[in-house]
$ cat protein_10.tsv   # TSV, C-alpha atoms
chain	number	residue	atom	x	y	z
A	1	THR	CA	13.61	-7.06	-10.45
A	2	GLN	CA	11.19	-7.44	-7.56
A	3	LEU	CA	12.77	-6.30	-4.31
A	4	LEU	CA	10.32	-8.23	-2.14
A	5	GLU	CA	9.19	-11.69	-3.20
A	6	GLN	CA	6.04	-13.00	-1.63
A	7	SER	CA	5.01	-16.64	-1.70
A	8	PRO	CA	2.85	-18.37	-2.46
A	9	GLN	CA	1.12	-15.99	-4.84
A	10	PHE	CA	-2.28	-17.63	-4.38
A	11	LEU	CA	-3.59	-19.80	-1.57
A	12	SER	CA	-7.00	-21.38	-1.15
A	13	ILE	CA	-7.68	-23.28	2.05
A	14	GLN	CA	-10.52	-24.63	4.13
A	15	GLU	CA	-11.77	-22.85	7.22
A	16	GLY	CA	-9.91	-24.05	10.30
A	17	GLU	CA	-6.61	-24.82	8.56
A	18	ASN	CA	-3.30	-23.22	9.47
A	19	LEU	CA	-1.08	-21.51	6.94
A	20	THR	CA	2.24	-19.72	6.63
A	21	VAL	CA	3.17	-17.26	3.93
A	22	TYR	CA	6.48	-15.60	3.24
A	23	CYS	CA	8.08	-12.34	2.26
A	24	ASN	CA	11.71	-12.62	1.15
A	25	SER	CA	14.40	-10.26	-0.05
A	26	SER	CA	18.14	-10.00	-0.49
A	27	SER	CA	18.02	-6.49	0.96
A	28	VAL	CA	18.12	-5.46	4.59
A	29	PHE	CA	15.15	-3.41	5.78
A	30	SER	CA	14.96	-0.96	8.64
A	31	SER	CA	11.35	-2.04	9.09
A	32	LEU	CA	8.85	-4.31	7.43
A	33	GLN	CA	5.09	-4.06	7.43
A	34	TRP	CA	2.25	-6.40	6.62
A	35	TYR	CA	-1.03	-5.13	5.23
A	36	ARG	CA	-4.32	-6.74	4.30
A	37	GLN	CA	-6.30	-5.32	1.44
A	38	GLU	CA	-9.86	-6.15	0.43
A	39	PRO	CA	-11.19	-5.47	-3.08
A	40	GLY	CA	-11.92	-1.80	-3.69
A	41	GLU	CA	-10.33	-0.72	-0.43
A	42	GLY	CA	-6.98	0.65	0.63
A	43	PRO	CA	-4.48	-1.56	2.49
A	44	VAL	CA	-4.95	-1.79	6.25
A	45	LEU	CA	-1.83	-2.04	8.37
A	46	LEU	CA	-1.61	-5.26	10.39
A	47	VAL	CA	1.82	-5.01	11.96
A	48	THR	CA	5.23	-3.34	11.79
A	49	VAL	CA	8.38	-5.25	12.72
A	50	VAL	CA	11.68	-3.49	13.21
A	51	THR	CA	14.00	-5.78	15.19
A	52	GLY	CA	15.69	-8.85	13.73
A	53	GLY	CA	14.11	-12.01	15.12
A	54	GLU	CA	11.10	-10.11	16.40
A	55	VAL	CA	7.81	-11.99	16.76
A	56	LYS	CA	4.49	-10.20	17.03
A	57	LYS	CA	1.06	-11.68	17.53
A	58	LEU	CA	-2.26	-10.23	16.50
A	59	LYS	CA	-5.00	-12.63	17.65
A	60	ARG	CA	-4.60	-15.64	15.33
A	61	LEU	CA	-1.88	-13.99	13.24
A	62	THR	CA	1.80	-14.41	14.11
A	63	PHE	CA	4.42	-12.31	12.35
A	64	GLN	CA	8.13	-12.95	12.43
A	65	PHE	CA	10.98	-10.79	11.18
A	66	GLY	CA	14.09	-12.66	10.11
A	67	ASP	CA	17.24	-12.33	12.18
A	68	ALA	CA	19.01	-10.55	9.33
A	69	ARG	CA	15.98	-8.30	8.67
A	70	LYS	CA	15.72	-9.55	5.09
A	71	ASP	CA	12.59	-11.64	5.33
A	72	SER	CA	9.40	-12.17	7.23
A	73	SER	CA	6.66	-14.74	7.67
A	74	LEU	CA	2.99	-14.58	8.54
A	75	HIS	CA	1.33	-17.56	10.18
A	76	ILE	CA	-2.44	-17.75	10.53
A	77	THR	CA	-3.92	-20.25	12.96
A	78	ALA	CA	-7.38	-21.70	12.34
A	79	ALA	CA	-8.11	-19.53	9.32
A	80	GLN	CA	-11.58	-18.05	8.97
A	81	PRO	CA	-13.44	-16.76	5.89
A	82	GLY	CA	-12.93	-13.24	7.24
A	83	ASP	CA	-9.19	-13.68	6.72
A	84	THR	CA	-9.74	-13.73	2.95
A	85	GLY	CA	-7.91	-10.91	1.19
A	86	LEU	CA	-4.69	-9.73	-0.38
A	87	TYR	CA	-1.76	-9.78	2.04
A	88	LEU	CA	0.98	-7.34	1.18
A	89	CYS	CA	4.36	-7.00	2.76
A	90	ALA	CA	6.23	-3.74	2.44
A	91	GLY	CA	9.74	-2.85	3.47
A	92	ALA	CA	11.40	0.43	4.23
A	93	LEU	CA	15.07	0.69	3.27
A	94	SER	CA	17.34	2.93	5.27
A	95	GLY	CA	17.54	6.31	3.66
A	96	ALA	CA	16.34	9.85	3.62
A	97	ASN	CA	12.93	9.13	2.17
A	98	SER	CA	12.23	5.73	3.73
A	99	LYS	CA	9.61	5.03	1.10
A	100	LEU	CA	7.88	1.68	1.23
A	101	THR	CA	8.53	-0.97	-1.39
A	102	PHE	CA	5.70	-3.47	-1.78
A	103	GLY	CA	5.73	-7.11	-2.69
A	104	LYS	CA	3.22	-8.40	-5.24
A	105	GLY	CA	0.99	-9.76	-2.53
A	106	ILE	CA	-0.55	-13.08	-1.59
A	107	THR	CA	-4.18	-13.69	-2.45
A	108	LEU	CA	-5.72	-15.80	0.32
A	109	SER	CA	-9.11	-17.40	0.02
A	110	VAL	CA	-10.59	-19.21	3.02
A	111	ARG	CA	-13.54	-21.42	2.13
A	112	PRO	CA	-16.30	-21.92	4.71
B	1	GLY	CA	-4.57	3.69	13.71
B	2	ALA	CA	-4.58	7.13	12.15
B	3	VAL	CA	-7.23	8.06	9.59
B	4	VAL	CA	-6.50	8.98	6.01
B	5	SER	CA	-9.39	9.89	3.77
B	6	GLN	CA	-9.48	10.01	-0.01
B	7	HIS	CA	-12.05	11.76	-2.12
B	8	PRO	CA	-13.74	10.82	-4.32
B	9	SER	CA	-14.00	7.06	-3.83
B	10	TRP	CA	-14.75	6.62	-7.50
B	11	VAL	CA	-14.94	8.89	-10.52
B	12	ILE	CA	-15.79	8.49	-14.18
B	13	CYS	CA	-14.53	11.10	-16.61
B	14	LYS	CA	-14.30	11.65	-20.33
B	15	SER	CA	-11.06	11.34	-22.26
B	16	GLY	CA	-9.17	14.59	-22.38
B	17	THR	CA	-10.52	15.99	-19.13
B	18	SER	CA	-8.64	16.38	-15.86
B	19	VAL	CA	-9.51	14.78	-12.55
B	20	LYS	CA	-8.40	15.81	-9.08
B	21	ILE	CA	-8.12	13.33	-6.21
B	22	GLU	CA	-7.74	14.53	-2.63
B	23	CYS	CA	-5.93	12.82	0.22
B	24	ARG	CA	-6.43	14.11	3.74
B	25	SER	CA	-4.93	13.08	7.05
B	26	LEU	CA	-7.80	13.62	9.47
B	27	ASP	CA	-6.21	13.27	12.88
B	28	PHE	CA	-2.51	13.90	12.37
B	29	GLN	CA	-0.19	16.14	10.43
B	30	ALA	CA	1.44	14.36	7.52
B	31	THR	CA	4.85	15.63	6.52
B	32	THR	CA	5.01	13.03	3.75
B	33	MET	CA	2.35	11.61	1.50
B	34	PHE	CA	2.75	8.89	-1.08
B	35	TRP	CA	0.69	8.24	-4.19
B	36	TYR	CA	0.29	4.74	-5.59
B	37	ARG	CA	-1.38	3.15	-8.54
B	38	GLN	CA	-2.77	-0.36	-8.47
B	39	PHE	CA	-3.96	-2.47	-11.40
B	40	PRO	CA	-6.41	-5.34	-10.85
B	41	LYS	CA	-4.92	-8.23	-8.88
B	42	GLN	CA	-1.54	-6.51	-8.73
B	43	SER	CA	0.46	-4.80	-6.04
B	44	LEU	CA	0.84	-1.13	-5.35
B	45	MET	CA	3.23	0.81	-7.56
B	46	LEU	CA	4.63	3.97	-6.06
B	47	MET	CA	4.11	6.95	-8.34
B	48	ALA	CA	5.52	9.79	-6.28
B	49	THR	CA	6.47	11.01	-2.84
B	50	SER	CA	5.46	14.45	-1.70
B	51	ASN	CA	6.71	16.41	1.26
B	52	GLU	CA	4.72	19.34	2.54
B	53	GLY	CA	5.81	22.58	0.97
B	54	SER	CA	8.17	21.10	-1.60
B	55	LYS	CA	7.98	19.56	-5.04
B	56	ALA	CA	7.05	15.93	-5.35
B	57	THR	CA	9.63	13.30	-6.20
B	58	TYR	CA	8.40	11.11	-9.02
B	59	GLU	CA	9.35	7.50	-9.62
B	60	GLN	CA	11.02	6.56	-12.87
B	61	GLY	CA	8.55	6.32	-15.71
B	62	VAL	CA	5.88	8.50	-14.10
B	63	GLU	CA	5.16	11.69	-16.04
B	64	LYS	CA	5.17	14.63	-13.68
B	65	ASP	CA	3.30	16.84	-16.15
B	66	LYS	CA	0.52	14.30	-16.41
B	67	PHE	CA	0.20	13.47	-12.74
B	68	LEU	CA	0.34	16.77	-10.90
B	69	ILE	CA	0.87	16.48	-7.17
B	70	ASN	CA	0.37	19.28	-4.71
B	71	HIS	CA	1.05	19.01	-0.98
B	72	ALA	CA	0.21	22.51	0.16
B	73	SER	CA	-0.60	21.75	3.77
B	74	LEU	CA	0.23	19.17	6.42
B	75	THR	CA	-3.17	17.56	6.06
B	76	LEU	CA	-3.87	17.67	2.34
B	77	SER	CA	-2.28	16.39	-0.83
B	78	THR	CA	-3.88	16.31	-4.24
B	79	LEU	CA	-3.21	14.28	-7.35
B	80	THR	CA	-4.50	15.69	-10.63
B	81	VAL	CA	-4.59	13.42	-13.63
B	82	THR	CA	-4.41	15.78	-16.58
B	83	SER	CA	-5.79	15.05	-20.05
B	84	ALA	CA	-6.92	11.65	-18.89
B	85	HIS	CA	-6.98	8.71	-21.29
B	86	PRO	CA	-8.55	5.26	-20.89
B	87	GLU	CA	-5.15	3.76	-20.05
B	88	ASP	CA	-5.09	6.01	-16.97
B	89	SER	CA	-8.04	4.06	-15.58
B	90	SER	CA	-6.84	2.48	-12.38
B	91	PHE	CA	-7.13	2.38	-8.61
B	92	TYR	CA	-5.21	5.27	-7.07
B	93	ILE	CA	-4.25	5.10	-3.40
B	94	CYS	CA	-2.53	7.59	-1.15
B	95	SER	CA	-0.77	7.06	2.13
B	96	ALA	CA	0.40	9.53	4.72
B	97	ARG	CA	2.87	9.49	7.57
B	98	ALA	CA	3.71	11.97	10.27
B	99	THR	CA	7.48	11.59	10.32
B	100	ARG	CA	10.18	9.38	8.78
B	101	ASN	CA	10.05	7.02	11.73
B	102	THR	CA	6.29	6.58	11.97
B	103	GLU	CA	4.02	4.24	10.10
B	104	ALA	CA	2.21	5.21	6.95
B	105	PHE	CA	-1.56	4.86	6.81
B	106	PHE	CA	-3.54	4.42	3.64
B	107	GLY	CA	-6.62	6.05	2.26
B	108	GLN	CA	-9.46	3.93	0.95
B	109	GLY	CA	-8.46	4.46	-2.65
B	110	THR	CA	-10.06	6.13	-5.68
B	111	ARG	CA	-11.31	4.13	-8.64
B	112	LEU	CA	-10.78	6.21	-11.79
B	113	THR	CA	-12.48	5.18	-15.01
B	114	VAL	CA	-11.78	7.18	-18.15
B	115	VAL	CA	-14.28	6.67	-20.96
$ encode --input "protein_10.tsv" --output "structure tokens"
Amino acid sequence: TQLLEQSPQFLSIQEGENLTVYCNSSSVFSSLQWYRQEPGEGPVLLVTVVTGGEVKKLKRLTFQFGDARKDSSLHITAAQPGDTGLYLCAGALSGANSKLTFGKGITLSVRP
Amino acid sequence: GAVVSQHPSWVICKSGTSVKIECRSLDFQATTMFWYRQFPKQSLMLMATSNEGSKATYEQGVEKDKFLINHASLTLSTLTVTSAHPEDSSFYICSARATRNTEAFFGQGTRLTVV
């Protein structure tokens, strides 16, 4: 059973389009993180959200944490080819180890 | 963000040999380091969690005698793949965090190919 479900799994869009992708769970997380990973590289942290309902912006990227801290969305405005990559969400459950559980990721391709 | 460095970036080894991968936190002290494995076009699968000075905690299904983890200092953890086989070929990634309440930062990954 996958703790974090990400959707859609694959997305191919034209440069300039907007998009929203999702990260859903039935579990409550103390924090949730979004990463972007390019082929052959490690994931790079984009944002951490910790408060239910929280919205964070990173240039053209807007991240929202659900009110119940079970889900999150990532909205990209005017996508660019440089946004291409694997977007991973990861949640930390409350507990002694607070290890991160990753979703399967969303492969985004932005065509010029 | 903080810098985590893995070495080597890629390695090719013969079946039956052992390979050591290093993970270093360059500008902070990491009380906890995590080791992941990633297959092509798939997500990261946590293999083990290591806390400095104590034994690693392995995830279910991960053989601790095959994947030896040492976290001897606050800036270095090593993963040794012993008696490697072709099915061990994968992308191995570490991450490190300073405390329970701080973010974890990832290394650039190590591509292991066993021939």
$ closest_residue --input "protein_10.tsv" --among "A:His75, A:Gln9, A:Glu41, A:Tyr35" --to "B:Ser5" --atoms "only C-alpha atoms"
A:Glu41
$ closest_residue --input "protein_10.tsv" --among "A:Thr107, A:Thr20, A:Ser31, A:Gln80" --to "A:Ser94" --atoms "all atoms listed in the file"
A:Ser31
$ residues_around --input "protein_10.tsv" --residues "B:Thr78" --least-positions-apart "6" --cutoff "9 Å" --atoms "only C-alpha atoms" --output "MDAnalysis selection string"
chainID B and resid 20:24 68:72
$ closest_atom_pairs --input "protein_10.tsv" --of "chain A" --to "chain B" --cutoff "9 Å" --atoms "all atoms listed in the file" --output "Markdown table"
| residue | atom | partner | partner_atom | distance |
| --- | --- | --- | --- | --- |
| A:Gln33 | CA | B:Glu103 | CA | 8.8 |
| A:Pro39 | CA | B:Lys41 | CA | 9.0 |
| A:Gly40 | CA | B:Gly109 | CA | 7.2 |
| A:Glu41 | CA | B:Gln108 | CA | 4.9 |
| A:Gly42 | CA | B:Gln108 | CA | 4.1 |
| A:Pro43 | CA | B:Phe106 | CA | 6.2 |
| A:Val44 | CA | B:Phe106 | CA | 6.9 |
| A:Leu45 | CA | B:Phe105 | CA | 7.1 |
| A:Thr48 | CA | B:Glu103 | CA | 7.9 |
| A:Leu86 | CA | B:Lys41 | CA | 8.6 |
| A:Leu88 | CA | B:Ser43 | CA | 7.7 |
| A:Ala96 | CA | B:Arg100 | CA | 8.0 |
| A:Asn97 | CA | B:Arg100 | CA | 7.2 |
| A:Ser98 | CA | B:Arg100 | CA | 6.6 |
| A:Lys99 | CA | B:Thr49 | CA | 7.8 |
| A:Leu100 | CA | B:Leu46 | CA | 8.3 |
| A:Thr101 | CA | B:Leu46 | CA | 7.8 |
| A:Phe102 | CA | B:Leu44 | CA | 6.5 |
| A:Gly103 | CA | B:Ser43 | CA | 6.7 |
| A:Lys104 | CA | B:Ser43 | CA | 4.6 |
| A:Gly105 | CA | B:Ser43 | CA | 6.1 |
| A:Thr107 | CA | B:Lys41 | CA | 8.5 |
$ atom_distance --input "protein_10.tsv" --atom1 "atom CA of A:Asn24" --atom2 "atom CA of A:Ser7"
8.3 Å
$ closest_residue --input "protein_10.tsv" --among "A:Leu11, A:Glu5, A:Ala92, A:Gly16" --to "A:Val49" --atoms "all atoms listed in the file"
A:Ala92
$ atom_distance --input "protein_10.tsv" --atom1 "atom CA of B:Thr17" --atom2 "atom CA of B:Thr80"
10.4 Å
$ residues_around --input "protein_10.tsv" --residues "stretch 62-66 of chain A" --least-positions-apart "2" --cutoff "12 Å" --atoms "all atoms listed in the file" --output "PyMOL selection string"
chain A and resi 18-35+46-60+68-78+89+91
